[in-house]
$ cat run-v4.txt   # compact mmCIF, C-alpha atoms
# COMPACT_ATOMS: atom_id res chain seq x y z
CA MET A 9 36.47 2.10 -73.68
CA LYS A 10 40.22 2.54 -73.14
CA ARG A 11 41.31 2.27 -69.54
CA GLN A 12 43.06 5.34 -68.20
CA ARG A 13 46.65 4.91 -67.08
CA VAL A 14 47.74 6.58 -63.83
CA LEU A 15 51.47 7.18 -63.30
CA ILE A 16 52.41 7.38 -59.61
CA THR A 17 55.76 8.76 -58.41
CA ILE A 18 56.69 7.84 -54.85
CA ASP A 19 60.04 7.49 -53.05
CA TRP A 20 59.30 4.07 -51.54
CA PHE A 21 56.75 1.39 -52.31
CA LEU A 22 56.14 -2.31 -51.74
CA PRO A 23 57.79 -4.58 -50.83
CA GLY A 24 59.13 -1.77 -48.62
CA THR A 25 57.31 -0.97 -45.39
CA LYS A 26 59.65 1.31 -43.40
CA SER A 27 58.39 4.63 -44.78
CA GLY A 28 55.02 4.17 -43.09
CA GLY A 29 51.49 5.10 -44.13
CA PRO A 30 51.87 6.30 -47.73
CA VAL A 31 52.96 2.86 -48.95
CA ARG A 32 49.87 1.31 -47.41
CA SER A 33 47.70 4.13 -48.79
CA TYR A 34 48.78 3.49 -52.38
CA ALA A 35 48.68 -0.30 -52.05
CA ASN A 36 45.10 -0.06 -50.78
CA MET A 37 44.11 2.39 -53.51
CA ILE A 38 45.51 0.11 -56.20
CA ASP A 39 43.73 -2.92 -54.71
CA HIS A 40 40.42 -1.07 -54.80
CA LEU A 41 40.73 0.87 -58.08
CA SER A 42 42.64 -1.45 -60.41
CA GLN A 43 39.25 -2.67 -61.62
CA PHE A 44 38.86 0.80 -63.16
CA TYR A 45 42.40 2.02 -63.98
CA ASP A 46 45.86 0.81 -64.93
CA PHE A 47 48.61 1.96 -62.55
CA LEU A 48 52.27 2.58 -63.28
CA ILE A 49 54.55 3.30 -60.31
CA ILE A 50 58.03 4.82 -60.37
CA THR A 51 59.97 4.33 -57.14
CA ARG A 52 63.33 3.31 -55.62
CA ASP A 53 64.64 -0.27 -55.46
CA THR A 54 65.41 0.03 -51.72
CA ASP A 55 63.34 0.69 -48.61
CA TYR A 56 63.51 3.86 -46.52
CA CYS A 57 66.93 4.26 -44.84
CA SER A 58 68.17 1.05 -46.44
CA GLU A 59 70.89 0.26 -48.99
CA LYS A 60 69.68 -3.32 -49.59
CA VAL A 61 67.97 -3.83 -52.93
CA TYR A 62 64.64 -5.65 -52.67
CA ASP A 63 64.72 -9.37 -53.35
CA SER A 64 62.86 -10.72 -56.38
CA ILE A 65 62.64 -7.42 -58.30
CA HIS A 66 64.49 -6.25 -61.40
CA SER A 67 66.08 -2.82 -60.92
CA ASP A 68 65.89 -0.18 -63.66
CA SER A 69 63.07 -1.95 -65.48
CA TRP A 70 59.32 -2.45 -65.27
CA ASN A 71 58.07 -5.19 -62.93
CA ARG A 72 54.56 -6.65 -63.02
CA TYR A 73 52.74 -6.14 -59.67
CA ASN A 74 49.31 -7.38 -60.74
CA GLU A 75 47.22 -7.57 -63.91
CA HIS A 76 46.72 -3.81 -64.01
CA THR A 77 49.82 -2.50 -62.20
CA SER A 78 53.52 -2.29 -63.09
CA ILE A 79 56.38 -0.85 -61.01
CA TYR A 80 59.66 0.67 -62.20
CA TYR A 81 62.35 0.36 -59.52
CA PHE A 82 65.17 2.89 -59.94
CA SER A 83 68.59 1.88 -58.66
CA LYS A 84 70.53 4.49 -56.70
CA GLU A 85 73.17 4.91 -59.42
CA ASN A 86 70.62 5.36 -62.21
CA LEU A 87 68.24 7.71 -60.41
CA THR A 88 69.14 10.96 -62.20
CA ARG A 89 67.17 13.84 -63.67
CA ASN A 90 67.94 12.73 -67.24
CA ASN A 91 66.94 9.11 -66.64
CA LEU A 92 63.74 10.14 -64.89
CA ALA A 93 62.91 12.54 -67.74
CA LYS A 94 63.47 9.79 -70.34
CA LEU A 95 61.33 7.33 -68.43
CA ILE A 96 58.43 9.76 -68.06
CA LYS A 97 58.69 10.81 -71.71
CA ASN A 98 58.71 7.21 -72.95
CA THR A 99 55.87 6.04 -70.69
CA GLU A 100 52.31 6.18 -71.96
CA PHE A 101 49.97 7.54 -69.30
CA ASP A 102 47.00 9.88 -68.87
CA ILE A 103 47.32 11.16 -65.29
CA LEU A 104 50.36 11.93 -63.13
CA TYR A 105 49.77 11.30 -59.43
CA VAL A 106 52.60 12.68 -57.27
CA ASN A 107 53.19 11.56 -53.70
CA GLY A 108 54.26 14.24 -51.23
CA ILE A 109 55.84 17.68 -51.42
CA TYR A 110 59.57 17.82 -50.73
CA SER A 111 61.23 14.89 -52.54
CA TRP A 112 63.38 16.19 -55.44
CA PHE A 113 63.08 13.10 -57.64
CA PHE A 114 59.57 11.95 -56.80
CA SER A 115 57.61 15.08 -55.79
CA ILE A 116 59.22 18.08 -57.52
CA LEU A 117 60.92 16.89 -60.71
CA PRO A 118 57.88 14.97 -62.03
CA ILE A 119 55.83 18.19 -61.97
CA LEU A 120 58.58 20.04 -63.84
CA LEU A 121 59.11 17.25 -66.37
CA VAL A 122 55.59 16.21 -67.28
CA ASP A 123 53.86 17.53 -70.37
CA LYS A 124 51.14 19.98 -69.36
CA LYS A 125 48.57 18.01 -71.39
CA HIS A 126 48.53 15.46 -68.59
CA LYS A 127 46.34 15.99 -65.57
CA THR A 128 48.63 16.24 -62.53
CA ILE A 129 47.55 15.50 -58.96
CA VAL A 130 49.68 16.03 -55.85
CA SER A 131 48.77 14.14 -52.69
CA ALA A 132 50.24 16.13 -49.80
CA ARG A 133 50.01 13.15 -47.39
CA GLY A 134 49.96 15.38 -44.32
CA MET A 135 53.24 17.10 -45.25
CA LEU A 136 51.61 20.54 -45.06
CA ASN A 137 49.84 19.91 -41.76
CA ALA A 138 51.00 21.98 -38.79
CA GLN A 139 52.72 19.09 -36.95
CA ALA A 140 54.78 18.25 -40.06
CA PHE A 141 56.80 21.45 -39.55
CA SER A 142 58.21 20.19 -36.24
CA VAL A 143 61.00 18.63 -38.35
CA LYS A 144 63.16 20.63 -40.83
CA LYS A 145 60.88 23.64 -40.51
CA PHE A 146 63.24 26.19 -42.11
CA LYS A 147 63.95 24.07 -45.20
CA LYS A 148 60.28 23.29 -45.71
CA LYS A 149 59.21 26.92 -45.33
CA LEU A 150 61.94 28.04 -47.74
CA PHE A 151 60.86 25.48 -50.33
CA LEU A 152 57.24 26.62 -50.12
CA ILE A 153 58.28 30.26 -50.58
CA LEU A 154 60.19 29.30 -53.73
CA ALA A 155 57.44 27.00 -55.01
CA ASN A 156 54.84 29.75 -54.64
CA ALA A 157 57.13 32.33 -56.25
CA MET A 158 57.66 30.18 -59.34
CA LYS A 159 54.01 28.98 -59.33
CA LEU A 160 55.11 25.36 -59.32
CA TYR A 161 51.58 24.12 -58.68
CA LYS A 162 49.77 26.44 -61.10
CA ASN A 163 48.47 23.55 -63.23
CA VAL A 164 48.23 21.01 -60.43
CA ASP A 165 45.25 19.55 -58.56
CA PHE A 166 45.71 18.70 -54.88
CA HIS A 167 44.39 15.64 -53.09
CA ALA A 168 43.53 16.11 -49.40
CA THR A 169 42.29 13.21 -47.32
CA ASN A 170 39.97 15.39 -45.22
CA ARG A 171 38.72 18.96 -44.95
CA ASP A 172 41.25 19.90 -42.26
CA GLU A 173 44.11 18.90 -44.56
CA ALA A 174 42.54 20.86 -47.42
CA ILE A 175 42.57 23.98 -45.24
CA GLN A 176 46.24 23.40 -44.39
CA ILE A 177 47.13 22.99 -48.09
CA GLU A 178 45.26 26.17 -48.99
CA SER A 179 47.15 28.08 -46.30
CA HIS A 180 50.56 27.12 -47.76
CA ILE A 181 50.00 26.80 -51.51
CA LYS A 182 48.95 30.11 -53.04
CA CYS A 183 48.40 29.01 -56.63
CA PHE A 184 46.96 25.67 -57.71
CA LYS A 185 44.27 24.43 -60.09
CA ASP A 186 41.76 22.49 -57.97
CA MET A 187 41.29 20.62 -54.69
CA TYR A 188 39.88 17.12 -54.23
CA ILE A 189 38.94 15.64 -50.87
CA ALA A 190 38.98 11.84 -50.72
CA PRO A 191 39.74 9.75 -47.60
CA ASN A 192 42.40 7.07 -47.81
CA LEU A 193 41.05 3.66 -48.67
CA PRO A 194 41.37 0.91 -46.02
CA ARG A 195 42.96 -2.49 -46.55
CA LYS A 196 40.65 -4.64 -48.65
CA THR A 197 40.92 -7.77 -46.53
CA GLN A 198 41.27 -7.94 -42.77
CA GLY A 199 42.21 -10.69 -40.31
CA ARG A 200 39.03 -10.16 -38.35
CA VAL A 201 37.91 -11.90 -35.21
CA LYS A 202 34.22 -11.75 -34.41
CA ASP A 203 33.12 -11.88 -30.76
CA LYS A 204 36.59 -10.88 -29.61
CA GLN A 205 37.25 -11.39 -25.91
CA LYS A 206 39.59 -9.45 -23.66
CA HIS A 207 42.73 -11.49 -22.94
CA ASP A 208 43.09 -13.08 -19.52
CA GLY A 209 45.85 -11.69 -17.32
CA PRO A 210 47.57 -8.37 -18.08
CA THR A 211 45.88 -5.91 -20.41
CA ARG A 212 47.68 -6.12 -23.76
CA PHE A 213 48.44 -2.90 -25.65
CA VAL A 214 50.12 -2.73 -29.05
CA ASN A 215 51.85 0.23 -30.70
CA ILE A 216 52.51 0.07 -34.46
CA ALA A 217 54.44 3.10 -35.68
CA ARG A 218 57.92 4.49 -36.24
CA VAL A 219 59.88 4.79 -33.01
CA SER A 220 60.12 8.57 -33.05
CA VAL A 221 59.29 11.85 -31.34
CA GLU A 222 56.46 12.58 -33.75
CA LYS A 223 54.86 9.19 -33.02
CA GLY A 224 55.10 9.78 -29.27
CA THR A 225 56.99 6.59 -28.37
CA LEU A 226 58.81 8.01 -25.34
CA LYS A 227 55.73 9.87 -24.11
CA MET A 228 53.76 6.62 -24.26
CA ILE A 229 56.38 4.72 -22.25
CA GLN A 230 56.82 7.47 -19.65
CA THR A 231 53.07 7.85 -19.17
CA MET A 232 52.80 4.16 -18.28
CA ARG A 233 54.97 4.62 -15.17
CA THR A 234 52.05 5.60 -12.91
CA ILE A 235 49.75 2.72 -13.99
CA THR A 236 49.23 0.19 -11.20
CA SER A 237 47.41 -2.48 -13.22
CA ASN A 238 49.30 -5.30 -14.95
CA VAL A 239 50.04 -4.20 -18.51
CA ILE A 240 51.89 -5.61 -21.50
CA LEU A 241 52.92 -3.11 -24.18
CA ASP A 242 54.49 -4.41 -27.39
CA ILE A 243 56.09 -1.90 -29.76
CA TYR A 244 56.42 -2.59 -33.50
CA GLY A 245 58.15 -0.23 -35.89
CA PRO A 246 61.43 0.86 -37.46
CA ILE A 247 64.06 2.71 -35.41
CA TYR A 248 65.96 5.50 -37.19
CA ASP A 249 67.18 7.58 -34.24
CA SER A 250 69.34 5.42 -31.95
CA GLU A 251 69.75 8.21 -29.40
CA TYR A 252 65.98 8.58 -29.08
CA TRP A 253 65.58 4.81 -28.79
CA ASN A 254 68.21 4.74 -26.04
CA ARG A 255 66.10 7.22 -24.08
CA CYS A 256 63.09 4.95 -24.62
CA GLN A 257 65.04 1.93 -23.38
CA ASN A 258 66.18 3.81 -20.28
CA SER A 259 62.56 4.68 -19.49
CA ILE A 260 61.53 1.06 -20.02
CA SER A 261 64.21 -0.12 -17.57
CA GLU A 262 62.80 2.22 -14.91
CA LEU A 263 59.21 0.93 -15.13
CA PRO A 264 57.76 -1.08 -12.23
CA GLU A 265 57.38 -4.86 -12.54
CA ASN A 266 53.67 -4.72 -13.36
CA LEU A 267 54.51 -3.04 -16.69
CA LYS A 268 56.14 -5.19 -19.36
CA VAL A 269 57.27 -3.22 -22.42
CA GLU A 270 58.99 -5.03 -25.28
CA TYR A 271 60.23 -3.94 -28.69
CA LYS A 272 59.17 -6.54 -31.28
CA GLY A 273 60.88 -5.23 -34.42
CA VAL A 274 59.31 -4.24 -37.73
CA LEU A 275 55.99 -5.85 -38.59
CA ALA A 276 55.44 -6.63 -42.26
CA SER A 277 52.35 -4.87 -43.57
CA GLU A 278 50.58 -8.08 -44.56
CA ASP A 279 51.11 -9.47 -41.04
CA VAL A 280 49.42 -6.57 -39.23
CA PRO A 281 45.81 -7.91 -39.18
CA ASN A 282 46.80 -11.29 -37.70
CA ALA A 283 49.19 -9.72 -35.19
CA LEU A 284 46.47 -7.41 -33.91
CA ASN A 285 44.43 -10.42 -32.76
CA ASP A 286 46.96 -10.96 -29.95
CA TYR A 287 46.09 -7.65 -28.26
CA ASP A 288 43.27 -5.85 -26.47
CA TYR A 289 43.96 -2.23 -27.50
CA LEU A 290 46.01 -0.18 -29.93
CA ILE A 291 47.80 2.82 -28.41
CA LEU A 292 49.24 5.59 -30.59
CA LEU A 293 50.11 8.98 -29.04
CA SER A 294 51.40 10.67 -32.19
CA GLU A 295 51.70 14.41 -32.72
CA GLY A 296 49.34 13.99 -35.65
CA GLU A 297 48.04 11.54 -38.24
CA ASN A 298 46.75 12.43 -41.67
CA PHE A 299 44.81 9.16 -41.68
CA GLY A 300 46.39 6.45 -39.53
CA HIS A 301 46.11 3.07 -41.22
CA ALA A 302 47.01 1.27 -37.99
CA ILE A 303 43.98 2.89 -36.33
CA ILE A 304 41.36 1.68 -38.81
CA GLU A 305 43.05 -1.73 -39.02
CA ALA A 306 42.91 -2.08 -35.23
CA LEU A 307 39.22 -1.18 -35.21
CA SER A 308 38.68 -3.65 -38.06
CA SER A 309 40.19 -6.35 -35.85
CA GLY A 310 37.90 -5.47 -32.94
CA LEU A 311 40.47 -3.49 -30.94
CA PRO A 312 39.36 -0.26 -29.29
CA VAL A 313 42.05 2.40 -29.71
CA LEU A 314 43.75 4.95 -27.46
CA ILE A 315 45.03 7.69 -29.75
CA SER A 316 45.98 11.33 -29.95
CA SER A 317 43.25 13.88 -30.62
CA ASN A 318 45.38 15.10 -33.57
CA THR A 319 43.90 12.65 -36.07
CA PRO A 320 40.71 12.54 -38.19
CA TRP A 321 39.23 9.98 -35.76
CA LYS A 322 37.21 11.94 -33.20
CA ASP A 323 34.81 11.45 -30.26
CA LEU A 324 35.75 7.80 -29.89
CA GLU A 325 34.60 7.32 -26.31
CA SER A 326 31.07 8.45 -27.16
CA LYS A 327 31.05 5.72 -29.82
CA SER A 328 32.46 3.12 -27.36
CA ILE A 329 35.39 2.39 -29.66
CA GLY A 330 38.27 4.07 -27.80
CA TRP A 331 39.66 7.39 -26.61
CA ASP A 332 41.15 10.37 -28.45
CA VAL A 333 43.18 12.29 -25.87
CA ASN A 334 45.08 15.55 -25.67
CA ILE A 335 48.67 14.29 -25.61
CA GLU A 336 49.80 17.48 -23.84
CA LYS A 337 47.68 16.49 -20.83
CA GLU A 338 49.22 13.43 -19.21
CA GLU A 339 46.25 13.00 -16.89
CA GLU A 340 43.97 12.43 -19.91
CA ILE A 341 46.24 9.68 -21.18
CA ILE A 342 46.51 8.05 -17.74
CA ASN A 343 42.76 8.23 -17.26
CA ALA A 344 42.15 6.50 -20.60
CA ILE A 345 44.72 3.76 -19.87
CA ASN A 346 43.09 3.12 -16.49
CA LYS A 347 39.64 2.87 -18.08
CA ALA A 348 41.03 0.39 -20.59
CA THR A 349 42.73 -1.80 -17.99
CA GLN A 350 39.73 -1.78 -15.65
CA MET A 351 37.13 -2.58 -18.30
CA SER A 352 35.14 -5.74 -17.54
CA PRO A 353 35.14 -8.60 -20.08
CA LEU A 354 31.46 -8.00 -20.81
CA GLU A 355 32.00 -4.27 -21.41
CA TYR A 356 35.08 -5.01 -23.51
CA SER A 357 33.06 -7.35 -25.74
CA ARG A 358 30.56 -4.55 -26.30
CA TRP A 359 33.31 -2.07 -27.20
CA SER A 360 35.04 -4.59 -29.45
CA GLN A 361 31.82 -5.24 -31.33
CA ALA A 362 31.25 -1.47 -31.65
CA ALA A 363 34.78 -1.13 -33.09
CA LEU A 364 34.08 -3.85 -35.67
CA GLU A 365 30.77 -2.28 -36.65
CA PHE A 366 32.33 1.19 -36.95
CA ALA A 367 35.14 -0.16 -39.12
CA ASP A 368 32.74 -2.15 -41.29
CA GLU A 369 30.59 0.89 -41.88
CA PHE A 370 33.64 2.95 -42.82
CA THR A 371 35.39 0.40 -45.03
CA GLN A 372 32.27 -0.73 -46.88
CA ASN A 373 31.02 2.77 -47.64
CA PRO A 374 30.69 2.96 -51.45
CA GLU A 375 31.19 6.72 -51.22
CA LEU A 376 34.87 6.09 -50.41
CA ILE A 377 35.41 4.45 -53.79
CA ALA A 378 33.43 7.17 -55.54
CA GLN A 379 35.47 9.95 -53.90
CA ASN A 380 38.76 8.30 -54.87
CA ARG A 381 37.60 7.61 -58.43
CA ALA A 382 36.68 11.29 -58.72
CA LEU A 383 40.40 12.13 -58.38
CA PHE A 384 41.00 10.72 -61.86
CA LEU A 385 37.93 12.00 -63.67
CA ASN A 386 37.77 15.01 -66.02
CA SER A 387 41.31 14.55 -67.20

$ encode --input "run-v4.txt" --output "structure tokens"
Amino acid sequence: MKRQRVLITIDWFLPGTKSGGPVRSYANMIDHLSQFYDFLIITRDTDYCSEKVYDSIHSDSWNRYNEHTSIYYFSKENLTRNNLAKLIKNTEFDILYVNGIYSWFFSILPILLVDKKHKTIVSARGMLNAQAFSVKKFKKKLFLILANAMKLYKNVDFHATNRDEAIQIESHIKCFKDMYIAPNLPRKTQGRVKDKQKHDGPTRFVNIARVSVEKGTLKMIQTMRTITSNVILDIYGPIYDSEYWNRCQNSISELPENLKVEYKGVLASEDVPNALNDYDYLILLSEGENFGHAIIEALSSGLPVLISSNTPWKDLESKSIGWDVNIEKEEEIINAINKATQMSPLEYSRWSQAALEFADEFTQNPELIAQNRALFLNS
């Protein structure tokens, strides 16, 4: 039986890491599903907010990623409507899988250019969730008005990663073909440590996210100021807003001596599992997460997590795997940090084991593969 070929359009992909979760989402999906499908990816030859072309790739041509995956890296000068149209027309594929909503070249044009005989799926990736409109709200709302008026998505299926996202999509997109709900797939291999122990000395927190308002970096730093226990907080992630980062640095400089906060740069995706072993907890006070790969990877490494309640991961304390707090209530965040720092080694071992077991149950659930495979059926 002929393998189906899935064409993915996405602004940034591996070896890039600076655009965050979507890159990891697609890399994981390909790792899990390339036993069933062939994947073709069209993307840029630079990372997010970078002009440097990736090393060891050939721009404006197809590059082999693995046995069943090839990637076409567009250079900046050759990324035009005509060139994209030619590439799509001359590429043999069965299903078009579009990442995101607002990108002209990678989210909008592919829908306009593709032959209607192809099944087309749009993965909103949280871009229609309420918190996503905290940035460029007017432009986004205007685009959605125009898209609905011209029935851009009339022949398109949508992919939501959970029921809440499906509801958000339905509230913004008035005309589309069908809706699929399939959670993101986790990383296939993890740098796991069984029987993880709490580190001696200060409690070690790690934050892996963009340094930004929506990821709650400054809120996280400022909330630490009232903590009296000895704490180390290491921050990993790209910085795009220097003014915002300056505010973060000013807050760090005002922290008492028992709190050591350090920015550690950008962590390569493949290095995340091993890096997590150096910490006791992940902390992520974001305005919202559609999935949150760092969260499931932390749990997979035996780290309980302290996260915002605006994610799909709920009721964590009742499961002894962390805390999901209302980020508008500072006392909730402080209370959770204090519980984490005051946890005994024996209790921490129990929570760490619960985190591992929760992550194992999630990542090894065969229903995850079935739900993601269902995206590409009936084409």

$ atom_distance --input "run-v4.txt" --atom1 "atom CA of Asn298 of chain A" --atom2 "atom CA of Gly134 of chain A"
5.1 Å

$ atom_distance --input "run-v4.txt" --atom1 "atom CA of Val333 of chain A" --atom2 "atom CA of Leu290 of chain A"
13.4 Å

$ residues_around --input "run-v4.txt" --residues "segment 361-376 of chain A" --least-positions-apart "2" --cutoff "8 Å" --atoms "all atoms listed in the file" --output "JSON list (two decimals) with C-alpha atoms, keeping the file's coordinate frame"
[["chain", "number", "residue", "atom", "x", "y", "z"],
["A", 190, "ALA", "CA", 38.98, 11.84, -50.72],
["A", 191, "PRO", "CA", 39.74, 9.75, -47.60],
["A", 193, "LEU", "CA", 41.05, 3.66, -48.67],
["A", 194, "PRO", "CA", 41.37, 0.91, -46.02],
["A", 202, "LYS", "CA", 34.22, -11.75, -34.41],
["A", 203, "ASP", "CA", 33.12, -11.88, -30.76],
["A", 204, "LYS", "CA", 36.59, -10.88, -29.61],
["A", 304, "ILE", "CA", 41.36, 1.68, -38.81],
["A", 307, "LEU", "CA", 39.22, -1.18, -35.21],
["A", 308, "SER", "CA", 38.68, -3.65, -38.06],
["A", 309, "SER", "CA", 40.19, -6.35, -35.85],
["A", 310, "GLY", "CA", 37.90, -5.47, -32.94],
["A", 311, "LEU", "CA", 40.47, -3.49, -30.94],
["A", 312, "PRO", "CA", 39.36, -0.26, -29.29],
["A", 327, "LYS", "CA", 31.05, 5.72, -29.82],
["A", 328, "SER", "CA", 32.46, 3.12, -27.36],
["A", 329, "ILE", "CA", 35.39, 2.39, -29.66],
["A", 357, "SER", "CA", 33.06, -7.35, -25.74],
["A", 358, "ARG", "CA", 30.56, -4.55, -26.30],
["A", 359, "TRP", "CA", 33.31, -2.07, -27.20],
["A", 378, "ALA", "CA", 33.43, 7.17, -55.54],
["A", 379, "GLN", "CA", 35.47, 9.95, -53.90],
["A", 380, "ASN", "CA", 38.76, 8.30, -54.87]]

$ atom_distance --input "run-v4.txt" --atom1 "atom CA of Ser131 of chain A" --atom2 "atom CA of Ser115 of chain A"
9.4 Å

$ residues_near_point --input "run-v4.txt" --point "(46.4, 2.1, -40.7)" --cutoff "9 Å" --atoms "only C-alpha atoms" --output "count of residues only"
14

$ residues_around --input "run-v4.txt" --residues "Thr25 of chain A" --least-positions-apart "3" --cutoff "9 Å" --atoms "all atoms listed in the file" --output "compact mmCIF listing (two decimals) with C-alpha atoms, keeping the file's coordinate frame"
# COMPACT_ATOMS: atom_id res chain seq x y z
CA TRP A 20 59.30 4.07 -51.54
CA PHE A 21 56.75 1.39 -52.31
CA LEU A 22 56.14 -2.31 -51.74
CA GLY A 28 55.02 4.17 -43.09
CA GLY A 29 51.49 5.10 -44.13
CA VAL A 31 52.96 2.86 -48.95
CA ARG A 32 49.87 1.31 -47.41
CA ASP A 55 63.34 0.69 -48.61
CA TYR A 56 63.51 3.86 -46.52
CA VAL A 274 59.31 -4.24 -37.73
CA LEU A 275 55.99 -5.85 -38.59
CA ALA A 276 55.44 -6.63 -42.26
CA SER A 277 52.35 -4.87 -43.57
